[in-house]
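Everything below belongs to query.txt, which stores compact mmCIF, C-alpha atoms.
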```
# COMPACT_ATOMS: atom_id res chain seq x y z
CA MET A 1 38.34 -8.24 -8.86
CA LYS A 2 35.51 -8.22 -6.34
CA GLY A 3 32.14 -9.65 -7.20
CA THR A 4 29.09 -11.26 -5.74
CA PHE A 5 28.89 -14.94 -6.37
CA MET A 6 26.09 -17.29 -5.42
CA ASN A 7 27.32 -19.99 -3.17
CA LYS A 8 25.51 -23.09 -2.04
CA ASN A 9 24.05 -21.38 1.08
CA ASN A 10 22.58 -18.46 -0.90
CA SER A 11 21.06 -20.84 -3.42
CA GLN A 12 19.38 -22.88 -0.69
CA LYS A 13 18.00 -19.76 1.04
CA THR A 14 16.49 -18.57 -2.24
CA ARG A 15 14.72 -21.88 -2.76
CA VAL A 16 13.31 -21.85 0.78
CA ASN A 17 12.02 -18.26 0.39
CA ASN A 18 10.37 -19.02 -2.96
CA ARG A 19 8.48 -22.11 -1.89
CA ASP A 20 4.71 -22.20 -2.24
CA THR A 21 3.09 -21.20 1.06
CA LEU A 22 -0.52 -21.40 -0.13
CA GLN A 23 -2.53 -23.52 2.27
CA PRO A 24 -4.31 -26.58 0.81
CA GLU A 25 -7.72 -25.40 2.04
CA TYR A 26 -7.60 -22.37 -0.29
CA ASP A 27 -9.10 -23.28 -3.66
CA PHE A 28 -8.75 -20.66 -6.38
CA SER A 29 -9.39 -23.02 -9.28
CA ASN A 30 -12.65 -21.23 -10.20
CA ALA A 31 -11.46 -17.71 -9.39
CA VAL A 32 -11.89 -14.86 -11.86
CA ARG A 33 -8.97 -12.46 -11.96
CA GLY A 34 -9.82 -8.79 -11.31
CA VAL A 35 -13.56 -9.33 -10.83
CA THR A 36 -13.71 -6.96 -7.83
CA ALA A 37 -10.87 -4.61 -8.76
CA LYS A 38 -13.06 -1.92 -10.33
CA ARG A 39 -15.53 -1.89 -7.42
CA TYR A 40 -12.67 -1.77 -4.93
CA ALA A 41 -10.94 1.09 -6.75
CA GLU A 42 -14.13 3.18 -6.86
CA GLY A 43 -14.45 3.38 -3.10
CA THR A 44 -10.89 3.22 -1.90
CA ASN A 45 -7.77 5.33 -2.01
CA VAL A 46 -4.70 3.58 -0.71
CA VAL A 47 -2.01 5.78 0.79
CA VAL A 48 1.30 4.56 2.14
CA ILE A 49 2.23 6.32 5.38
CA PRO A 50 5.97 6.99 5.68
CA PRO A 51 7.59 5.16 8.62
CA ASP A 52 8.71 8.37 10.32
CA ILE A 53 5.11 9.44 11.02
CA LEU A 54 3.50 6.06 11.75
CA ASP A 55 3.50 6.89 15.45
CA VAL A 56 1.15 9.80 14.70
CA PHE A 57 -1.00 8.01 12.10
CA PRO A 58 -1.13 4.34 13.13
CA ASP A 59 -4.46 3.54 11.43
CA ALA A 60 -7.04 4.75 8.92
CA MET A 61 -9.16 6.43 11.59
CA THR A 62 -6.38 8.78 12.72
CA VAL A 63 -5.49 9.63 9.11
CA ALA A 64 -9.12 10.42 8.31
CA GLU A 65 -9.45 12.56 11.44
CA ALA A 66 -6.37 14.61 10.52
CA LEU A 67 -7.50 15.05 6.92
CA ARG A 68 -10.95 16.20 8.00
CA ALA A 69 -9.35 18.80 10.25
CA LEU A 70 -7.07 19.98 7.43
CA ALA A 71 -9.68 19.92 4.64
CA PRO A 72 -11.28 23.34 5.43
CA VAL A 73 -7.87 25.03 5.35
CA MET A 74 -7.01 23.38 2.03
CA ARG A 75 -10.40 24.33 0.54
CA HIS A 76 -9.93 27.93 1.66
CA GLN A 77 -6.44 28.06 0.13
CA ARG A 78 -7.80 26.67 -3.14
CA GLN A 79 -10.54 29.31 -3.23
CA LEU A 80 -7.97 32.06 -2.69
CA GLN A 81 -5.85 30.73 -5.55
CA VAL A 82 -8.83 30.59 -7.92
CA LYS A 83 -9.86 34.18 -7.06
CA SER A 84 -6.33 35.50 -7.64
CA VAL A 85 -6.11 34.07 -11.16
```
Structure rendered as structure tokens:
Amino acid sequence: MKGTFMNKNNSQKTRVNNRDTLQPEYDFSNAVRGVTAKRYAEGTNVVVIPPDILDVFPDAMTVAEALRALAPVMRHQRQLQVKSV
């Protein structure tokens, strides 16, 4: 019977990876959870770029440029679909 068992080395690696890495100079004791989430969500759309096209779209500026170039075509297609219905 094959199985995966935790040995001493795996257990030690897990503890090292889970240690607290928060720097002492960061003080979140008076923080309010989610206070800026709504404002952030109103003005931002987050899109994950697949790794196979990151060479073409390495940053937000190149993505925005490509979408602006494609937007008129997409709007035209949408208008054609609405007229045909």
Neighbours of Pro58 (chain A) within 9 Å (all atoms listed in the file; same-chain residues fewer than 5 positions away dropped), as a ChimeraX atom specification?
/A:49,53,63
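Between CA of Met61 (chain A) and CA of Val47 (chain A) the separation is 13.0 Å.
In this structure, CA of Ala71 (chain A) sits 18.5 Å away from CA of Asp59 (chain A).
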Leaving out region 40-45 of chain A and any residue of its chain fewer than 6 positions from it, which residues lie within 12 Å of it when counting only C-alpha atoms, given as a PyMOL selection string?
chain A and resi 34+60+64
Interatomic distance between CA of Thr62 (chain A) and CA of His76 (chain A)?
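Computing the Euclidean distance for CA of Thr62 (chain A) and CA of His76 (chain A) yields 22.4 Å.
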